[in-house]
Amino acid sequence: MKATRFGRNAAIAVIAAGALALTACGSDNATGTTGGTQSAAAGNKVTGTLTGIGASSTGAAMDAWKAGFATANQGATVQYSPDGSGAGRKAIIDGSAQFAGSDAYLKDDELEASKAKCGPEGAINIPVYISPIAVAFNIPDVKELKLDAATVAKIFRGEIANWNDPAIAALNAGVTLPDLKVTPVNRSDDSGTTSNFTDYLASAAPEVWTDKAAGVWPASLKGENAKGTSGVVKTVTDTPGAVTYADDSAVSGKLGTASIKVGEEFVKISADAAAKAVEAGKPVDGRASNDVAVKLDRKTTASGAYPVVLVSYHVVCTTYETKAVADLVKAFETYVVSDEGQKTAADAAKSAPLSKTLQDKAKTAIESIKAKA
């Protein structure tokens with residue numbers, strides 16, 4: 001991303017992470033924190049327990065972040081419940097968590113509601129994780145397919161019943177497609193992955209995907225469903241002919257993935273391709289100067305960009321009840337966005353590291369997190 005475009009917003013996002021954290025557990029969980037806001041690996045040590053709720057897509061990265069942070073800060077623990085992005089945003093707003101993990105940035109009404117627990121400036125969105133969403137399928141002897149937005153939309157709307165449908169065959173010359181029933185599998189919970197996936201479909205194939213982008217799957221559509229990233233991946237793995245959308249880090253084994261048509265080319269799923277798609281985005285209108293929510297361009301024709309991508313945020317409060325909580329949040333978030341933290345996530349989850357511009361602004365924003373007392 002360009003510094004002129006995202007510099008100011010990146011700073012905001014980091015603050016947000018701190019802001020949300022404030023409300024949730026206050027001084028009840030973060031105790032004995034020492035001053036200092038440097039990286040967990042290189043700065044002053046902190047102790048206490050930090051509680052987060054949210055996206056399941058970042059499970060592998062979160063496990064790696066928790067372990068790295070605890071190793072550098074003996075006596076500090078991060079608890080994270082992967083209940084879904086919707087649950088995370090609700091928890092930060094009602095104060096039952098100190099930070100939220102969300103694959104969708106806070107909506108305007110959620111930002112307003114966050115002021116009750118996060119102070120007059122409310123909560124902010126800090127990007128911490130960039131990853132492609134795979135269109136993953138279980139077709140015996142087929143590991144790769146080429147699909148365009150309209151065909152993906154028809155598959156998930158139930159308008160394509162078999163894998164040897166002419167629409168799929170036309171995009172995949174030379175591939176032997178079986179006469180096998182297509183079973184779409186969607187998330188049953190309020191999911192940021194669903195929000196990003198349906199945003200792609202609604203933007204790139206509006207003539208087919210007539211529903212609005214949302215974190216909850218359209219009730220009118222038939223198909224199987226399961227809770228969480230692990231739930232949909234397991235269902236597809238156990239069901240020949242099944243197909244789902246899931247964070248690429250969770251897709252392995254017998255499952256194949258689709259290359260997505262962008263402009264006149266088909267782009268394979270990768271962290272680099274996801275990063276290129278994010279670079280084509282822009283700041284969300286009407287947000288505070290330090291909120292780093294990114295509006296993605298799902299219809300980009302940029303070469304090598306994979307548009308079915310999610311940016312996962314840590315949503316935090318701008319103001320915490322106590323200095324102990326603020327220091328703990330700042331230490332953890334600084335570690336997450338550091339070179340070490342981003343490499344740890346990339347190694348564990350195949351995610352794309354934050355750009356240098358976003359990373360630097362995030363660090364500055366984290367430093368601005370404050371406490372009431």
# chains A, B, ... in the order shown; residues from 1 in each chain; ligands from 1
>>> select_by_dssp(residues="region 158-362 of chain A", states="helix (DSSP H, G or I)", output="ChimeraX atom specification")
/A:166-171,192-204,228-237,248-250,271-279,323-337,339-349,356-362
>>> residues_around(residues="Gly253 (chain A)", least_positions_apart="3", cutoff="10 Å", atoms="only C-alpha atoms", output="list in words")
Asn138, Thr237, Ala250 and Gly256 of chain A
>>> closest_atom_pairs(of="region 47-69 of chain A", to="region 222-236 of chain A", cutoff="9 Å", atoms="only C-alpha atoms", output="CSV")
residue,atom,partner,partner_atom,distance
A:Ala55,CA,A:Gly228,CA,8.4
A:Ser56,CA,A:Thr229,CA,5.9
A:Ser57,CA,A:Thr229,CA,5.9
A:Gly59,CA,A:Thr229,CA,8.9
>>> write_last_selection(atoms="all heavy atoms", output="short mmCIF file (atom, residue, chain, number, x, y, z; two decimals), in the first residue's frame")
data_model
loop_
_atom_site.label_atom_id
_atom_site.label_comp_id
_atom_site.auth_asym_id
_atom_site.auth_seq_id
_atom_site.Cartn_x
_atom_site.Cartn_y
_atom_site.Cartn_z
N ALA A 55 -12.48 -14.18 15.28
CA ALA A 55 -12.37 -14.97 14.04
C ALA A 55 -11.66 -16.29 14.26
O ALA A 55 -10.64 -16.37 14.95
CB ALA A 55 -11.62 -14.14 13.00
N SER A 56 -12.21 -17.33 13.62
CA SER A 56 -11.56 -18.64 13.65
C SER A 56 -10.56 -18.78 12.52
O SER A 56 -9.68 -19.64 12.57
CB SER A 56 -12.61 -19.74 13.56
OG SER A 56 -13.34 -19.67 12.34
N SER A 57 -10.66 -17.93 11.51
CA SER A 57 -9.76 -18.02 10.35
C SER A 57 -8.31 -17.81 10.74
O SER A 57 -7.40 -18.35 10.10
CB SER A 57 -10.16 -16.99 9.30
OG SER A 57 -10.09 -15.68 9.83
N GLY A 59 -6.84 -18.82 13.40
CA GLY A 59 -6.50 -19.75 14.47
C GLY A 59 -5.03 -20.12 14.53
O GLY A 59 -4.40 -20.07 15.59
#
>>> closest_atom_pairs(of="region 121-227 of chain A", to="region 306-315 of chain A", cutoff="8 Å", atoms="only C-alpha atoms", output="CSV")
residue,atom,partner,partner_atom,distance
A:Ala123,CA,A:Val315,CA,6.5
A:Ile124,CA,A:Val315,CA,5.7
A:Asn125,CA,A:Val315,CA,4.8
A:Ile126,CA,A:Tyr313,CA,5.0
A:Pro127,CA,A:Tyr313,CA,4.3
A:Val128,CA,A:Tyr313,CA,5.5
A:Tyr129,CA,A:Ser312,CA,5.0
A:Ile130,CA,A:Val311,CA,4.7
A:Ser131,CA,A:Leu310,CA,5.6
A:Pro132,CA,A:Val309,CA,4.2
A:Ile133,CA,A:Val309,CA,5.3
A:Ala134,CA,A:Val308,CA,7.5
A:Thr193,CA,A:Leu310,CA,6.9
A:Asn196,CA,A:Leu310,CA,6.0
A:Phe197,CA,A:Val308,CA,6.4
A:Tyr200,CA,A:Val308,CA,6.1
>>> atom_distance(atom1="CA of Glu144 (chain A)", atom2="CA of Ala202 (chain A)")
24.0 Å
>>> select_by_dssp(residues="region 130-248 of chain A", states="strand (DSSP E or B)", output="PyMOL selection string")
chain A and resi 130-137+139+142+144-147+162+181+183-187+224-226+242-247
>>> residues_around(residues="Ala305 (chain A)", least_positions_apart="6", cutoff="8 Å", atoms="only C-alpha atoms", output="list in words")
Val262, Val267, Ala273, Ala274, Ala275, Lys276 and Ala277 of chain A
>>> residues_around(residues="Ala61 (chain A)", least_positions_apart="6", cutoff="9 Å", atoms="only C-alpha atoms", output="ChimeraX atom specification")
/A:129,342,344-351
>>> closest_residue(among="A:Ala60, A:Ile366, A:Ala150, A:Ala87", to="Val216 (chain A)", atoms="only C-alpha atoms")
A:Ala87
>>> closest_atom_pairs(of="region 70-181 of chain A", to="region 326-337 of chain A", cutoff="12 Å", atoms="only C-alpha atoms", output="Markdown table")
| residue | atom | partner | partner_atom | distance |
| --- | --- | --- | --- | --- |
| A:Ala70 | CA | A:Phe332 | CA | 9.5 |
| A:Thr71 | CA | A:Tyr335 | CA | 11.6 |
| A:Ala72 | CA | A:Tyr335 | CA | 9.7 |
| A:Asn73 | CA | A:Ala331 | CA | 9.5 |
| A:Gly75 | CA | A:Leu328 | CA | 11.4 |
| A:Ala76 | CA | A:Leu328 | CA | 8.4 |
| A:Thr77 | CA | A:Leu328 | CA | 9.7 |
| A:Val78 | CA | A:Phe332 | CA | 8.5 |
| A:Gln79 | CA | A:Phe332 | CA | 11.8 |
| A:Ala97 | CA | A:Val329 | CA | 11.7 |
| A:Gln98 | CA | A:Val329 | CA | 8.0 |
| A:Phe99 | CA | A:Val329 | CA | 8.2 |
| A:Ala100 | CA | A:Val329 | CA | 11.6 |
| A:Gly101 | CA | A:Glu333 | CA | 11.8 |
| A:Cys118 | CA | A:Ala326 | CA | 11.5 |
| A:Asn125 | CA | A:Glu333 | CA | 11.9 |
| A:Ile126 | CA | A:Glu333 | CA | 9.1 |
| A:Pro127 | CA | A:Val337 | CA | 8.6 |
| A:Val128 | CA | A:Val337 | CA | 6.2 |
| A:Tyr129 | CA | A:Val337 | CA | 8.8 |
| A:Ile130 | CA | A:Val337 | CA | 11.7 |
>>> write_last_selection(atoms="N, CA and C atoms", output="tab-separated table (two decimals), in the first residue's frame")
chain	number	residue	atom	x	y	z
A	70	ALA	N	4.03	-15.29	25.01
A	70	ALA	CA	4.22	-15.90	26.34
A	70	ALA	C	5.68	-16.25	26.59
A	71	THR	N	6.37	-16.68	25.54
A	71	THR	CA	7.78	-17.01	25.69
A	71	THR	C	8.60	-15.78	26.06
A	72	ALA	N	8.28	-14.66	25.45
A	72	ALA	CA	9.02	-13.43	25.72
A	72	ALA	C	8.59	-12.75	27.01
A	73	ASN	N	7.41	-13.11	27.51
A	73	ASN	CA	6.86	-12.48	28.72
A	73	ASN	C	6.35	-13.55	29.68
A	75	GLY	N	4.73	-15.19	32.54
A	75	GLY	CA	3.71	-14.64	33.42
A	75	GLY	C	2.61	-13.91	32.67
A	76	ALA	N	2.78	-13.77	31.35
A	76	ALA	CA	1.73	-13.15	30.53
A	76	ALA	C	1.04	-14.23	29.70
A	77	THR	N	-0.27	-14.16	29.65
A	77	THR	CA	-1.06	-15.16	28.92
A	77	THR	C	-2.11	-14.48	28.07
A	78	VAL	N	-2.29	-14.97	26.86
A	78	VAL	CA	-3.36	-14.50	26.00
A	78	VAL	C	-4.36	-15.63	25.80
A	79	GLN	N	-5.59	-15.40	26.19
A	79	GLN	CA	-6.66	-16.36	25.99
A	79	GLN	C	-7.49	-15.90	24.79
A	97	ALA	N	-14.73	-8.99	26.35
A	97	ALA	CA	-13.39	-9.32	25.88
A	97	ALA	C	-12.57	-8.04	25.82
A	98	GLN	N	-11.25	-8.19	25.91
A	98	GLN	CA	-10.36	-7.03	25.87
A	98	GLN	C	-9.92	-6.68	24.45
A	99	PHE	N	-10.01	-7.64	23.55
A	99	PHE	CA	-9.81	-7.33	22.14
A	99	PHE	C	-10.64	-8.31	21.32
A	100	ALA	N	-10.96	-7.92	20.11
A	100	ALA	CA	-11.72	-8.78	19.22
A	100	ALA	C	-10.89	-9.10	17.99
A	101	GLY	N	-11.01	-10.32	17.50
A	101	GLY	CA	-10.45	-10.67	16.21
A	101	GLY	C	-11.59	-10.68	15.21
A	118	CYS	N	-15.44	1.74	25.42
A	118	CYS	CA	-14.08	2.08	24.98
A	118	CYS	C	-13.74	3.55	25.09
A	125	ASN	N	-10.00	-0.29	14.32
A	125	ASN	CA	-9.64	-1.52	13.62
A	125	ASN	C	-8.16	-1.50	13.25
A	126	ILE	N	-7.42	-2.49	13.70
A	126	ILE	CA	-6.00	-2.60	13.38
A	126	ILE	C	-5.78	-3.85	12.54
A	127	PRO	N	-5.35	-3.72	11.29
A	127	PRO	CA	-5.08	-4.90	10.47
A	127	PRO	C	-3.86	-5.65	11.02
A	128	VAL	N	-4.01	-6.94	11.19
A	128	VAL	CA	-2.92	-7.75	11.72
A	128	VAL	C	-2.60	-8.96	10.84
A	129	TYR	N	-3.51	-9.29	9.91
A	129	TYR	CA	-3.40	-10.57	9.20
A	129	TYR	C	-4.05	-10.43	7.82
A	130	ILE	N	-3.31	-10.76	6.78
A	130	ILE	CA	-3.82	-10.71	5.41
A	130	ILE	C	-3.74	-12.12	4.83
>>> closest_residue(among="A:Asp141, A:Asp108, A:Asp238, A:Glu279", to="Arg298 (chain A)", atoms="only C-alpha atoms")
A:Glu279
>>> closest_residue(among="A:Glu265, A:Asp109, A:Asp189, A:Glu121", to="Ile369 (chain A)", atoms="only C-alpha atoms")
A:Glu121
>>> residues_around(residues="Leu296 (chain A)", least_positions_apart="3", cutoff="7 Å", atoms="only C-alpha atoms", output="MDAnalysis selection string")
chainID A and resid 278 280:282
>>> residues_around(residues="Gly241 (chain A)", least_positions_apart="3", cutoff="7 Å", atoms="only C-alpha atoms", output="PyMOL selection string")
chain A and resi 137-139+180-183
>>> write_last_selection(atoms="N, CA and C atoms", output="PDB file, in the first residue's frame")
ATOM      1  N   PHE A 137     -12.495 -27.533  -2.628  1.00  0.00           N
ATOM      2  CA  PHE A 137     -13.441 -28.564  -3.049  1.00  0.00           C
ATOM      3  C   PHE A 137     -12.861 -29.962  -2.853  1.00  0.00           C
ATOM      4  N   ASN A 138     -13.749 -30.929  -2.790  1.00  0.00           N
ATOM      5  CA  ASN A 138     -13.376 -32.335  -2.671  1.00  0.00           C
ATOM      6  C   ASN A 138     -13.885 -33.067  -3.909  1.00  0.00           C
ATOM      7  N   ILE A 139     -13.049 -33.091  -4.937  1.00  0.00           N
ATOM      8  CA  ILE A 139     -13.352 -33.802  -6.178  1.00  0.00           C
ATOM      9  C   ILE A 139     -12.255 -34.846  -6.381  1.00  0.00           C
ATOM     10  N   LEU A 180     -20.597 -35.734 -10.664  1.00  0.00           N
ATOM     11  CA  LEU A 180     -20.664 -35.782  -9.197  1.00  0.00           C
ATOM     12  C   LEU A 180     -21.450 -34.588  -8.689  1.00  0.00           C
ATOM     13  N   LYS A 181     -22.341 -34.832  -7.763  1.00  0.00           N
ATOM     14  CA  LYS A 181     -23.181 -33.763  -7.218  1.00  0.00           C
ATOM     15  C   LYS A 181     -22.347 -32.700  -6.507  1.00  0.00           C
ATOM     16  N   VAL A 182     -22.678 -31.449  -6.749  1.00  0.00           N
ATOM     17  CA  VAL A 182     -22.051 -30.333  -6.049  1.00  0.00           C
ATOM     18  C   VAL A 182     -22.792 -30.096  -4.729  1.00  0.00           C
ATOM     19  N   THR A 183     -22.061 -30.103  -3.622  1.00  0.00           N
ATOM     20  CA  THR A 183     -22.655 -29.834  -2.312  1.00  0.00           C
ATOM     21  C   THR A 183     -21.983 -28.604  -1.701  1.00  0.00           C
TER      22      THR A 183
END
>>> atom_distance(atom1="CA of Gly54 (chain A)", atom2="CA of Ala219 (chain A)")
22.5 Å
>>> atom_distance(atom1="CA of Lys370 (chain A)", atom2="CA of Asp103 (chain A)")
24.9 Å
>>> closest_residue(among="A:Glu321, A:Asp285, A:Glu264, A:Asp247", to="Lys372 (chain A)", atoms="only C-alpha atoms")
A:Glu321
>>> closest_residue(among="A:Leu145, A:Ala365, A:Val46, A:Ala352", to="Leu177 (chain A)", atoms="only C-alpha atoms")
A:Leu145
>>> residues_around(residues="Ile155 (chain A)", least_positions_apart="3", cutoff="9 Å", atoms="only C-alpha atoms", output="compact mmCIF listing (two decimals) with N, CA and C atoms, in the first residue's frame")
# COMPACT_ATOMS: atom_id res chain seq x y z
N ALA A 150 -18.77 -15.38 -11.69
CA ALA A 150 -20.14 -15.80 -11.96
C ALA A 150 -20.34 -17.29 -11.71
N THR A 151 -19.35 -18.10 -12.11
CA THR A 151 -19.46 -19.55 -11.90
C THR A 151 -19.40 -19.90 -10.42
N VAL A 152 -18.52 -19.22 -9.67
CA VAL A 152 -18.46 -19.44 -8.22
C VAL A 152 -19.80 -19.10 -7.58
N GLY A 158 -26.47 -22.88 -5.73
CA GLY A 158 -27.14 -24.12 -6.08
C GLY A 158 -27.61 -24.16 -7.51
N GLU A 159 -27.15 -23.24 -8.34
CA GLU A 159 -27.58 -23.19 -9.74
C GLU A 159 -26.75 -24.10 -10.63
N ILE A 160 -25.63 -24.59 -10.13
CA ILE A 160 -24.83 -25.61 -10.81
C ILE A 160 -24.89 -26.85 -9.95
N ALA A 161 -25.49 -27.93 -10.48
CA ALA A 161 -25.77 -29.11 -9.67
C ALA A 161 -24.68 -30.16 -9.72
N VAL A 182 -22.68 -31.45 -6.75
CA VAL A 182 -22.05 -30.33 -6.05
C VAL A 182 -22.79 -30.10 -4.73
N THR A 183 -22.06 -30.10 -3.62
CA THR A 183 -22.66 -29.83 -2.31
C THR A 183 -21.98 -28.60 -1.70
N PRO A 184 -22.59 -27.43 -1.83
CA PRO A 184 -22.00 -26.25 -1.21
C PRO A 184 -22.12 -26.30 0.31
N VAL A 243 -17.98 -28.37 -1.56
CA VAL A 243 -17.16 -27.20 -1.82
C VAL A 243 -17.47 -26.15 -0.76
